[in-house]
Structure formats: C-alpha cells, structure tokens
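The data block below is entry_14.txt; it holds compact mmCIF, C-alpha atoms.
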# COMPACT_ATOMS: atom_id res chain seq x y z
CA MET V 1 -6.74 0.97 -20.16
CA ILE V 2 -4.86 4.14 -21.03
CA ALA V 3 -2.89 6.11 -18.46
CA GLN V 4 -4.71 9.32 -19.34
CA GLN V 5 -8.08 7.82 -18.43
CA LEU V 6 -6.76 6.75 -15.05
CA ALA V 7 -5.26 10.19 -14.50
CA ASP V 8 -8.58 11.85 -15.36
CA TRP V 9 -10.52 9.60 -13.01
CA ASN V 10 -8.09 10.22 -10.16
CA ALA V 11 -8.21 13.97 -10.70
CA GLU V 12 -12.01 13.82 -10.65
CA LEU V 13 -12.20 11.67 -7.50
CA ARG V 14 -9.54 13.34 -5.39
CA SER V 15 -12.02 15.93 -4.11
CA LYS V 16 -14.81 13.39 -3.48
CA SER V 17 -15.74 11.80 -0.17
CA PRO V 18 -15.02 8.08 0.42
CA LEU V 19 -18.73 7.30 0.03
CA GLU V 20 -18.91 9.22 -3.25
CA ILE V 21 -15.86 7.33 -4.52
CA THR V 22 -17.42 4.03 -3.50
CA ARG V 23 -20.64 4.86 -5.32
CA TRP V 24 -18.61 5.88 -8.38
CA ALA V 25 -16.79 2.53 -8.29
CA ILE V 26 -19.98 0.52 -8.07
CA ALA V 27 -21.61 2.56 -10.84
CA HIS V 28 -18.64 1.76 -13.10
CA ALA V 29 -18.80 -1.95 -12.28
CA GLY V 30 -22.00 -2.73 -14.15
CA GLY V 31 -23.11 -5.10 -11.40
CA ARG V 32 -19.67 -6.72 -11.12
CA ALA V 33 -18.03 -5.12 -8.09
CA VAL V 34 -16.40 -6.87 -5.15
CA VAL V 35 -14.75 -5.60 -2.01
CA SER V 36 -11.90 -7.53 -0.43
CA THR V 37 -11.20 -7.63 3.29
CA ASN V 38 -8.91 -9.28 5.80
CA PHE V 39 -10.67 -7.79 8.85
CA ARG V 40 -7.56 -5.88 9.88
CA PRO V 41 -7.76 -2.61 11.88
CA TYR V 42 -10.08 0.01 10.36
CA GLU V 43 -11.46 -2.49 7.84
CA ALA V 44 -14.99 -1.88 9.12
CA MET V 45 -14.95 1.48 7.35
CA ILE V 46 -14.54 0.16 3.80
CA LEU V 47 -17.17 -2.52 4.44
CA HIS V 48 -19.60 0.03 5.83
CA LEU V 49 -19.06 2.28 2.79
CA CYS V 50 -19.66 -0.59 0.39
CA VAL V 51 -22.86 -1.90 1.93
CA GLN V 52 -24.28 1.64 1.91
CA ALA V 53 -23.68 1.80 -1.83
CA GLN V 54 -24.62 -1.83 -2.60
CA PRO V 55 -25.96 -3.86 0.34
CA ASP V 56 -25.36 -7.24 -1.33
CA ILE V 57 -21.87 -6.55 -2.69
CA PRO V 58 -19.74 -9.72 -2.54
CA VAL V 59 -17.12 -9.47 0.22
CA LEU V 60 -14.08 -11.55 -0.71
CA TRP V 61 -12.17 -12.85 2.31
CA VAL V 62 -9.26 -15.27 2.24
CA ASP V 63 -9.32 -17.14 5.53
CA HIS V 64 -5.81 -18.56 5.50
CA GLY V 65 -6.38 -20.32 8.82
CA TYR V 66 -3.83 -18.35 10.84
CA ASN V 67 -6.04 -15.54 12.11
CA ARG V 68 -6.10 -14.91 15.83
CA PRO V 69 -9.33 -15.57 17.78
CA ALA V 70 -10.07 -11.84 18.08
CA THR V 71 -9.98 -11.46 14.29
CA TYR V 72 -12.42 -14.34 13.74
CA LYS V 73 -14.76 -12.83 16.35
CA HIS V 74 -14.45 -9.42 14.68
CA ALA V 75 -15.29 -10.98 11.30
CA GLU V 76 -18.44 -12.55 12.69
CA GLN V 77 -19.40 -9.33 14.44
CA LEU V 78 -19.12 -7.33 11.21
CA ARG V 79 -20.87 -10.03 9.20
CA SER V 80 -23.87 -9.74 11.52
CA LEU V 81 -23.77 -5.97 12.03
CA LEU V 82 -23.44 -5.04 8.35
CA LYS V 83 -25.27 -8.09 6.94
CA LEU V 84 -22.24 -8.86 4.79
CA ASN V 85 -22.53 -11.05 1.71
CA LEU V 86 -19.32 -12.76 2.81
CA LYS V 87 -17.54 -15.01 0.33
CA ALA V 88 -14.84 -16.86 2.25
CA TYR V 89 -12.13 -18.72 0.34
CA LEU V 90 -9.81 -21.15 2.10
CA PRO V 91 -6.49 -22.60 0.94
CA ARG V 92 -6.53 -26.11 -0.49
CA ILE V 93 -4.33 -27.20 2.41
CA SER V 94 -5.06 -26.61 6.11
CA ALA V 95 -2.83 -24.56 8.41
CA ALA V 96 -1.99 -27.69 10.41
CA HIS V 97 -1.06 -29.60 7.26
CA ARG V 98 1.14 -26.76 6.00
CA ASP V 99 2.93 -26.45 9.33
CA ALA V 100 3.57 -30.19 9.49
CA VAL V 101 5.12 -30.25 6.00
CA TRP V 102 6.90 -26.87 5.78
CA GLY V 103 7.31 -25.82 9.41
CA SER V 104 6.12 -22.82 11.35
CA VAL V 105 5.19 -19.48 9.83
CA PRO V 106 8.33 -17.83 8.36
CA ASP V 107 9.76 -14.80 10.09
CA VAL V 108 10.19 -11.41 8.50
CA ASP V 109 13.79 -12.06 7.40
CA ASP V 110 12.99 -15.17 5.36
CA GLU V 111 11.69 -13.61 2.15
CA ALA V 112 11.70 -16.81 0.05
CA ARG V 113 9.64 -18.77 2.58
CA LEU V 114 7.29 -15.81 3.12
CA LYS V 115 6.56 -15.71 -0.60
CA GLN V 116 5.98 -19.47 -0.63
CA PHE V 117 3.63 -19.14 2.33
CA SER V 118 1.72 -16.29 0.70
CA ALA V 119 1.41 -18.09 -2.63
CA LEU V 120 0.06 -21.25 -1.04
CA MET V 121 -2.16 -19.85 1.72
CA LYS V 122 -3.28 -16.47 0.37
CA LEU V 123 -2.70 -15.89 -3.34
CA GLU V 124 -4.12 -19.23 -4.54
CA PRO V 125 -7.47 -18.89 -2.72
CA PHE V 126 -7.67 -15.20 -3.63
CA GLN V 127 -7.09 -15.99 -7.29
CA ARG V 128 -9.79 -18.68 -7.11
CA GLY V 129 -12.19 -16.17 -5.58
CA MET V 130 -11.49 -13.54 -8.21
CA LYS V 131 -12.04 -16.07 -11.00
CA GLU V 132 -15.36 -17.22 -9.56
CA LEU V 133 -16.68 -13.75 -8.72
CA ALA V 134 -15.19 -12.23 -11.92
CA PRO V 135 -15.32 -8.57 -10.85
CA LYS V 136 -14.93 -5.66 -13.20
CA VAL V 137 -14.16 -3.40 -10.22
CA TRP V 138 -12.25 -4.47 -7.11
CA ILE V 139 -12.73 -2.16 -4.10
CA THR V 140 -9.93 -2.21 -1.54
CA ALA V 141 -8.93 -0.47 1.70
CA LEU V 142 -5.44 0.41 0.43
CA ARG V 143 -4.08 3.66 1.83
CA GLN V 144 -1.12 5.80 0.85
CA VAL V 145 0.28 5.88 4.40
CA GLN V 146 0.51 2.10 4.80
CA ASN V 147 3.87 1.50 3.11
CA SER V 148 6.20 2.91 0.47
CA SER V 149 4.95 0.74 -2.41
CA ARG V 150 1.34 1.83 -1.86
CA ALA V 151 2.38 5.47 -1.74
CA GLU V 152 3.05 5.21 -5.48
CA LEU V 153 -0.55 4.20 -6.26
CA ASP V 154 -3.71 6.32 -6.39
CA ILE V 155 -7.46 6.03 -5.78
CA VAL V 156 -7.99 4.24 -9.11
CA SER V 157 -5.44 1.94 -10.69
CA ALA V 158 -5.36 -0.85 -13.24
CA ASP V 159 -4.54 -4.10 -11.46
CA PRO V 160 -2.28 -6.27 -13.63
CA ASN V 161 -2.44 -9.29 -11.32
CA PHE V 162 -6.20 -9.89 -11.47
CA GLY V 163 -7.35 -7.83 -14.45
CA ALA V 164 -9.79 -5.61 -12.56
CA LEU V 165 -10.06 -1.88 -12.04
CA LYS V 166 -8.86 -1.36 -8.46
CA VAL V 167 -10.54 1.43 -6.51
CA SER V 168 -9.42 2.51 -3.04
CA PRO V 169 -11.95 5.02 -1.60
CA VAL V 170 -9.93 5.62 1.60
CA PHE V 171 -6.58 5.97 -0.17
CA TYR V 172 -5.76 9.46 1.14
CA LEU V 173 -7.14 9.03 4.66
CA SER V 174 -5.01 9.01 7.81
CA ASP V 175 -5.42 6.72 10.80
CA ALA V 176 -7.12 9.61 12.58
CA ASP V 177 -9.61 9.98 9.72
CA MET V 178 -10.39 6.27 9.84
CA GLU V 179 -10.78 6.30 13.63
CA ALA V 180 -13.13 9.29 13.44
CA TYR V 181 -15.32 7.49 10.90
CA LEU V 182 -15.56 4.38 13.08
CA GLN V 183 -16.56 6.47 16.08
CA GLU V 184 -19.11 8.49 14.10
CA HIS V 185 -20.83 5.32 12.88
CA ALA V 186 -20.32 3.26 16.06
CA LEU V 187 -18.29 0.64 14.21
CA PRO V 188 -15.97 -1.82 15.99
CA ASN V 189 -12.24 -2.10 15.45
CA GLU V 190 -9.80 -4.97 15.98
CA TRP V 191 -6.20 -4.52 17.11
CA ASP V 192 -5.02 -8.10 17.58
CA TYR V 193 -4.78 -8.69 13.82
CA PHE V 194 -1.66 -10.31 12.37
CA ASP V 195 -1.02 -11.29 8.75
CA PRO V 196 1.56 -14.12 8.57
CA ALA V 197 1.90 -13.62 4.81
CA LYS V 198 3.34 -10.15 5.48
CA ALA V 199 5.15 -10.63 8.79
CA ASP V 200 5.09 -6.84 9.22
CA ASP V 201 3.02 -3.93 7.87
CA LYS V 202 5.82 -2.57 5.67
CA ARG V 203 5.87 -5.67 3.48
CA GLU V 204 3.45 -6.75 0.73
CA CYS V 205 1.82 -10.19 0.74
CA GLY V 206 1.67 -10.31 -3.07
CA LEU V 207 -1.93 -9.29 -3.77
CA HIS V 208 -0.88 -5.75 -4.64
CA ALA V 209 2.74 -6.40 -5.68
CA ALA V 210 4.30 -7.30 -9.02
CA TRP V 211 5.85 -10.51 -7.68
CA GLY V 212 2.38 -11.81 -6.82
CA GLY V 213 1.48 -11.58 -10.50
CA LYS V 214 4.06 -14.27 -11.25
CA PHE V 215 2.12 -16.70 -9.09
CA VAL V 216 -1.19 -15.67 -10.65
CA ALA V 217 0.27 -16.43 -14.09
CA ARG V 218 1.51 -19.85 -12.97
CA PRO V 219 -0.18 -21.01 -9.76
CA GLY V 220 1.78 -24.23 -9.25
CA ILE V 221 0.48 -27.67 -8.36
CA GLU V 222 -2.55 -28.13 -6.11
CA GLY V 223 -1.56 -29.36 -2.67
CA GLU V 224 2.13 -28.62 -3.17
CA ALA V 225 4.23 -25.58 -2.46
CA ALA V 226 3.51 -23.01 -5.14
CA VAL V 227 6.37 -22.18 -7.45
CA LEU V 228 7.19 -18.53 -8.07
CA ILE V 229 8.76 -17.93 -11.46
Whole structure given in structure tokens:
Amino acid sequence: MIAQQLADWNAELRSKSPLEITRWAIAHAGGRAVVSTNFRPYEAMILHLCVQAQPDIPVLWVDHGYNRPATYKHAEQLRSLLKLNLKAYLPRISAAHRDAVWGSVPDVDDEARLKQFSALMKLEPFQRGMKELAPKVWITALRQVQNSSRAELDIVSADPNFGALKVSPVFYLSDADMEAYLQEHALPNEWDYFDPAKADDKRECGLHAAWGGKFVARPGIEGEAAVLI
C-alpha cells in the first residue's frame, strides 16, 4: 500500500463523522471487517458505530483472564444491548497457571516482564483471532490523545503487525466528545478497567507497536513464555 493512497484517504475522511468513517471502512472491507475491543472506557462508542454500519460485524476480544469484575459485567451488558457478534479469544494458559509459573503481574517499571506477559496473554490470542477471522479491514478505537505513539498515526494506517488496513473512526475525538456520544445514545461506560499488559495508559501493549510485530513474526512455543526477538 502506497503512502500517497493513505494520505488521500486520510485527507478525505478527516472531515467525515465517525459513523461515516465506519461505513467507509466496512465498504472497503468487502465483507471482511472486524472491530477489536477490550471494553475499556468509552469503548461502547466504537461498538455502537460498527453495529449500525454492519450489525453482525465480528467483535474480536482477547479475554486475558485478568479483567476486573466490572469489566466482565460491562462486556456482557454491551453484548446484550448491542447484540454483539462477540468472538472471544483466550490465552493458551490460564491466569492462575501463568501466575504460578511466572509470578504476579509485572509492574510498570519491569519492561521485559511486561512484554513477556503481553506476548503470552494478549498478543498470541489476538494473532490467533486475526488469522481465523482474516480481516481486510481492522476497525479500532485508537485516538490521538491517548499517548505519544498514537499521536503519530491517523484515521487510516497500514498495520504491519497483522497485515490489515487499520481504521480508527474516533481518532480525532476528545474524551468530552466520546462522553457526549455515550450520553446521546444512552450507552454505558466502565471506569474500573485495567490492562495488565500495559500497566499504565501511556504504554503500548504491543498490538499497535513495532515491538509486537516481532512476536507476531515468531510467536514462540505454545504453553511457554513467548520469546521476543
């Protein structure tokens, strides 16, 4: 995919509404679109946009086993409310098994163990899901304001890790914009969310970062700690 084509698409879409961008993404997918979610705050918006454009769109969710009870309840609430075609992928090793072998969830200062955790509990099941669903277009809730690495992206980008066209309809929205949408459409939110693969919101878990592509290229041995090359 050439850079000029991406630039043209982004210039075209920058003035469009999130719903118009979502419809554009699904039209370009030729029946092979997916939306990913982790049921974090404001995630109801991207799911609501997608089911308006394609009610049966596959919703790829990696349930790494470390979500808090409120997040699981929120996931079930949205599944029922929006009639989600939810495709849940779990790691090949349980949270209890991982903790027994490798210890508790790493803290934010232990980058090597965080990457190992992410590769084993998040990247491997996500890669499996992407292979099985084989999307041409991957719709995400990435936003420019979330962290510095995402600020360098745009609405449409070529994803080198999973080989799909990545489209982020809410890329330029603020928290206030997202909150207003949820209120307008009477959608629930969830504030108890925590992603142990990130440890904090300024860090990437690997799905949208170059280092995650190293794991995708060489996923390691099933049931063992993944090796990042």
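Across the model, the gap from atom CA of V:Asn67 to atom CA of V:Phe117 is 14.2 Å.
Counting only C-alpha atoms and comparing V:Thr140, V:Ser104, V:Gln183, V:Gln77, the residue that lies closest to V:Trp61 is V:Thr140.
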Could you list, as an mmCIF file with C-alpha atoms, keeping the file's coordinate frame, every residue within 9 Å of V:Tyr66, counting all atoms listed in the file and ignoring same-chain residues fewer than 5 positions away?
data_model
loop_
_atom_site.group_PDB
_atom_site.id
_atom_site.type_symbol
_atom_site.label_atom_id
_atom_site.label_comp_id
_atom_site.auth_asym_id
_atom_site.auth_seq_id
_atom_site.Cartn_x
_atom_site.Cartn_y
_atom_site.Cartn_z
ATOM 1 C CA ALA V 95 -2.830 -24.560 8.410
ATOM 2 C CA PHE V 194 -1.660 -10.310 12.370
ATOM 3 C CA ASP V 195 -1.020 -11.290 8.750
ATOM 4 C CA PRO V 196 1.560 -14.120 8.570
#
Straight-line distance linking atom CA of V:Leu153 with atom CA of V:Ile46, stated in Å to one decimal: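 Value for the atom CA of V:Leu153-atom CA of V:Ile46 distance: 17.7 Å.
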Straight-line distance linking atom CA of V:Ser80 with atom CA of V:Gly65, stated in Å to one decimal: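 Computing the Euclidean distance for atom CA of V:Ser80 and atom CA of V:Gly65 yields 20.6 Å.
Counting only C-alpha atoms and comparing V:Met178, V:Ala158, V:Leu165, V:Ala3, the residue that lies closest to V:Ala33 is V:Leu165.
The nearest approach to V:Arg92 among the residues V:Glu111, V:Glu124, V:Glu132, V:Asp177, with all atoms listed in the file taken into account, belongs to V:Glu124.
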